[in-house]
file protein_9.tsv (TSV, C-alpha atoms)
chain	number	residue	atom	x	y	z
A	1	MET	CA	-11.97	91.88	86.53
A	2	ALA	CA	-9.50	91.92	89.42
A	3	LEU	CA	-7.56	88.84	90.30
A	4	PRO	CA	-8.12	87.40	93.77
A	5	THR	CA	-5.45	88.43	96.22
A	6	ALA	CA	-3.94	86.44	99.06
A	7	LEU	CA	-3.05	87.42	102.61
A	8	TYR	CA	-0.01	85.78	104.22
A	9	ASN	CA	1.11	85.53	107.84
A	10	TYR	CA	4.56	86.36	109.22
A	11	THR	CA	5.58	86.90	112.82
A	12	PHE	CA	9.14	87.29	114.07
A	13	GLU	CA	8.18	85.37	117.20
A	14	GLN	CA	7.95	82.30	114.96
A	15	VAL	CA	11.58	82.63	113.81
A	16	SER	CA	13.82	80.37	115.87
A	17	ALA	CA	17.61	80.17	115.90
A	18	SER	CA	19.94	77.84	117.77
A	19	TRP	CA	23.72	77.60	117.80
A	20	GLY	CA	24.68	74.30	119.34
A	21	GLU	CA	22.81	74.15	122.65
A	22	ILE	CA	22.34	77.94	122.84
A	23	ILE	CA	18.92	79.26	121.82
A	24	LEU	CA	19.41	82.72	120.35
A	25	GLY	CA	16.98	85.33	121.64
A	26	GLY	CA	16.69	88.72	123.29
A	27	TYR	CA	16.85	90.62	120.02
A	28	GLY	CA	16.99	94.40	119.97
A	29	ARG	CA	13.81	96.27	119.03
A	30	GLY	CA	13.52	96.30	115.25
A	31	GLU	CA	16.57	94.03	115.05
A	32	GLY	CA	16.98	90.32	114.52
A	33	LEU	CA	18.93	87.98	112.30
A	34	SER	CA	20.59	88.40	108.93
A	35	LEU	CA	21.89	85.55	106.76
A	36	VAL	CA	24.19	86.76	103.99
A	37	PRO	CA	25.92	84.51	101.43
A	38	GLN	CA	29.55	85.48	100.83
A	39	ALA	CA	29.50	84.62	97.12
A	40	ASP	CA	27.20	84.46	94.12
A	41	ASP	CA	26.04	81.08	92.78
A	42	TRP	CA	27.42	81.69	89.29
A	43	ALA	CA	30.16	83.71	87.55
A	44	LEU	CA	29.69	84.80	83.92
A	45	ILE	CA	32.35	85.48	81.31
A	46	VAL	CA	31.24	86.99	78.00
A	47	GLY	CA	33.49	86.67	74.94
A	48	ASN	CA	34.19	89.38	72.35
A	49	ARG	CA	31.49	87.93	70.06
A	50	GLY	CA	28.79	88.00	72.72
A	51	ASP	CA	28.78	84.32	73.62
A	52	GLY	CA	29.06	83.50	77.29
A	53	VAL	CA	29.91	80.79	79.71
A	54	ARG	CA	28.87	80.57	83.32
A	55	SER	CA	30.80	78.79	86.05
A	56	LYS	CA	29.32	77.37	89.24
A	57	ILE	CA	30.98	78.91	92.27
A	58	GLN	CA	31.55	76.29	94.96
A	59	ASN	CA	31.48	78.75	97.87
A	60	TYR	CA	28.81	78.05	100.51
A	61	ALA	CA	30.16	80.50	103.09
A	62	TYR	CA	27.71	82.73	104.95
A	63	THR	CA	27.94	85.57	107.42
A	64	ILE	CA	25.20	85.45	110.03
A	65	THR	CA	24.49	88.40	112.32
A	66	ALA	CA	22.35	88.18	115.46
A	67	THR	CA	21.61	91.59	116.96
A	68	LEU	CA	20.75	91.21	120.66
A	69	HIS	CA	19.89	93.83	123.25
A	70	GLN	CA	22.69	94.35	125.74
A	71	GLY	CA	20.72	93.00	128.72
A	72	THR	CA	19.94	89.50	127.47
A	73	PRO	CA	21.77	86.65	129.23
A	74	VAL	CA	22.35	85.11	125.80
A	75	ASN	CA	25.26	87.58	125.52
A	76	ASP	CA	26.91	85.85	128.48
A	77	LEU	CA	26.49	82.41	126.89
A	78	LEU	CA	27.94	83.58	123.57
A	79	ALA	CA	30.84	85.40	125.26
A	80	ALA	CA	31.73	82.27	127.27
A	81	ALA	CA	31.54	80.07	124.17
A	82	ARG	CA	33.77	82.50	122.27
A	83	GLN	CA	36.33	82.55	125.08
A	84	LEU	CA	36.42	78.75	125.14
A	85	ASP	CA	36.88	78.67	121.36
A	86	LEU	CA	39.87	81.02	121.67
A	87	ILE	CA	41.41	78.63	124.21
A	88	ASN	CA	40.75	75.27	122.57
A	89	GLY	CA	39.83	76.08	118.94
A	90	GLN	CA	36.78	73.83	119.11
A	91	GLY	CA	34.02	76.43	119.04
A	92	ALA	CA	32.36	75.53	115.74
A	93	ARG	CA	28.80	74.33	116.33
A	94	PRO	CA	25.72	73.65	114.20
A	95	LEU	CA	23.47	76.64	113.49
A	96	LEU	CA	19.80	76.28	112.61
A	97	VAL	CA	17.43	79.14	111.71
A	98	GLN	CA	13.78	78.44	110.88
A	99	ASP	CA	10.80	80.62	110.06
A	100	LYS	CA	8.03	78.50	111.56
A	101	SER	CA	5.38	80.84	110.15
A	102	GLY	CA	6.79	80.03	106.73
A	103	ARG	CA	9.16	77.72	104.92
A	104	THR	CA	12.58	79.45	105.10
A	105	VAL	CA	15.29	77.29	106.69
A	106	PHE	CA	19.04	77.88	107.11
A	107	ARG	CA	21.49	75.18	108.27
A	108	ALA	CA	25.22	75.06	108.84
A	109	GLU	CA	27.05	72.11	110.37
A	110	ARG	CA	30.11	74.10	111.49
A	111	CYS	CA	29.54	77.73	112.47
A	112	TYR	CA	31.70	79.87	114.76
A	113	ILE	CA	31.71	83.35	116.29
A	114	LYS	CA	33.89	85.47	114.02
A	115	ARG	CA	34.73	88.21	116.52
A	116	VAL	CA	33.64	89.93	119.70
A	117	PRO	CA	30.83	92.48	119.19
A	118	ASP	CA	31.48	96.20	119.17
A	119	VAL	CA	30.31	97.68	122.49
A	120	THR	CA	28.95	101.18	122.99
A	121	PHE	CA	28.04	102.76	126.32
A	122	ASN	CA	25.92	105.92	126.45
A	123	ASP	CA	22.74	107.23	128.08
A	124	GLU	CA	20.55	104.47	126.62
A	125	ALA	CA	20.89	100.72	126.36
A	126	SER	CA	22.12	99.49	122.99
A	127	THR	CA	22.60	96.26	121.09
A	128	ARG	CA	25.37	93.73	120.55
A	129	GLN	CA	25.92	92.35	117.06
A	130	TRP	CA	27.21	88.78	117.23
A	131	ILE	CA	28.76	87.85	113.90
A	132	PHE	CA	28.99	84.18	113.01
A	133	GLU	CA	30.65	82.62	109.98
A	134	THR	CA	30.41	79.26	108.26
A	135	HIS	CA	31.91	77.65	105.17
A	136	ASN	CA	29.05	75.19	104.57
A	137	GLY	CA	25.68	76.89	104.89
A	138	THR	CA	22.54	75.86	103.02
A	139	MET	CA	19.41	77.96	102.80
A	140	PHE	CA	15.96	77.41	101.39
A	141	VAL	CA	14.13	80.73	101.05
A	142	GLY	CA	10.44	79.93	101.14
A	143	GLY	CA	7.22	81.85	101.45
A	144	ASN	CA	4.79	82.11	104.35
A	145	GLY	CA	1.46	80.49	105.10
A	146	LEU	CA	-1.91	81.93	104.20
A	147	ALA	CA	-3.83	83.89	106.82

call {"tool": "encode", "arguments": {"input": "protein_9.tsv", "output": "structure tokens"}}
result
Amino acid sequence: MALPTALYNYTFEQVSASWGEIILGGYGRGEGLSLVPQADDWALIVGNRGDGVRSKIQNYAYTITATLHQGTPVNDLLAAARQLDLINGQGARPLLVQDKSGRTVFRAERCYIKRVPDVTFNDEASTRQWIFETHNGTMFVGGNGLA
């Protein structure tokens, strides 16, 4: 007898992201957001007799990448915020990412633009990858709701 199966809903339109007062949007086709921890949660050392000890790594740094199409005015807002940060060093802002069709949430109290995006010009429009960094991110990776 087969087990009953479930059907879950996900839609990228239900993923929201804000950096300070700037609402991130205008993502490239097939592109979006990535949230990558910079360290593992634990480190393991195994002794010569096979016993082991694990150590909690107290590193909550994340790299966040938002890939936007080159035409979105959000690029202008991010570029201006980055320029201001280079002048006054006060560009760290809260970042919040939520999957409203599910339960995944990422928060960082102090997040900044790490560097200017690479820019390519050719016969077609391209994307701009805005890379953010934080030292104090928290993420809950949850599932999605039933259809």

call {"tool": "atom_distance", "arguments": {"input": "protein_9.tsv", "atom1": "CA of Pro4 in chain A", "atom2": "CA of Gly142 in chain A"}}
result
21.3 Å

call {"tool": "closest_residue", "arguments": {"input": "protein_9.tsv", "among": "A:Asn48, A:Ser126, A:Thr120, A:Thr104", "to": "Phe140 in chain A", "atoms": "only C-alpha atoms"}}
result
A:Thr104

call {"tool": "residues_around", "arguments": {"input": "protein_9.tsv", "residues": "range 49-65 of chain A", "least_positions_apart": "4", "cutoff": "6 Å", "atoms": "all atoms listed in the file", "output": "PyMOL selection string"}}
result
chain A and resi 33-38+41-45+130-137

call {"tool": "atom_distance", "arguments": {"input": "protein_9.tsv", "atom1": "CA of Arg93 in chain A", "atom2": "CA of Asn144 in chain A"}}
result
27.9 Å

call {"tool": "atom_distance", "arguments": {"input": "protein_9.tsv", "atom1": "CA of Ile87 in chain A", "atom2": "CA of Lys114 in chain A"}}
result
14.4 Å

call {"tool": "residues_near_point", "arguments": {"input": "protein_9.tsv", "point": "(33.2, 76.3, 117.5)", "cutoff": "9 Å", "atoms": "all atoms listed in the file", "output": "list of chain:residue names"}}
result
A:Gly20, A:Ala81, A:Arg82, A:Leu84, A:Asp85, A:Gly89, A:Gln90, A:Gly91, A:Ala92, A:Arg93, A:Pro94, A:Arg110, A:Cys111, A:Tyr112, A:Ile113

call {"tool": "write_last_selection", "arguments": {"input": "protein_9.tsv", "atoms": "C-alpha atoms", "output": "short mmCIF file (atom, residue, chain, number, x, y, z; two decimals), in the coordinates of the input"}}
result
data_model
loop_
_atom_site.label_atom_id
_atom_site.label_comp_id
_atom_site.auth_asym_id
_atom_site.auth_seq_id
_atom_site.Cartn_x
_atom_site.Cartn_y
_atom_site.Cartn_z
CA GLY A 20 24.68 74.30 119.34
CA ALA A 81 31.54 80.07 124.17
CA ARG A 82 33.77 82.50 122.27
CA LEU A 84 36.42 78.75 125.14
CA ASP A 85 36.88 78.67 121.36
CA GLY A 89 39.83 76.08 118.94
CA GLN A 90 36.78 73.83 119.11
CA GLY A 91 34.02 76.43 119.04
CA ALA A 92 32.36 75.53 115.74
CA ARG A 93 28.80 74.33 116.33
CA PRO A 94 25.72 73.65 114.20
CA ARG A 110 30.11 74.10 111.49
CA CYS A 111 29.54 77.73 112.47
CA TYR A 112 31.70 79.87 114.76
CA ILE A 113 31.71 83.35 116.29
#

call {"tool": "closest_residue", "arguments": {"input": "protein_9.tsv", "among": "A:Ala17, A:Val105, A:Met139, A:Ala6", "to": "Gly32 in chain A", "atoms": "only C-alpha atoms"}}
result
A:Ala17

call {"tool": "axis_aligned_box", "arguments": {"input": "protein_9.tsv", "around": "range 129-132 of chain A", "padding_each_side": "6 Å", "output": "JSON"}}
result
{"center_x": 27.5, "center_y": 88.3, "center_z": 115.1, "size_x": 15.1, "size_y": 20.2, "size_z": 16.2}
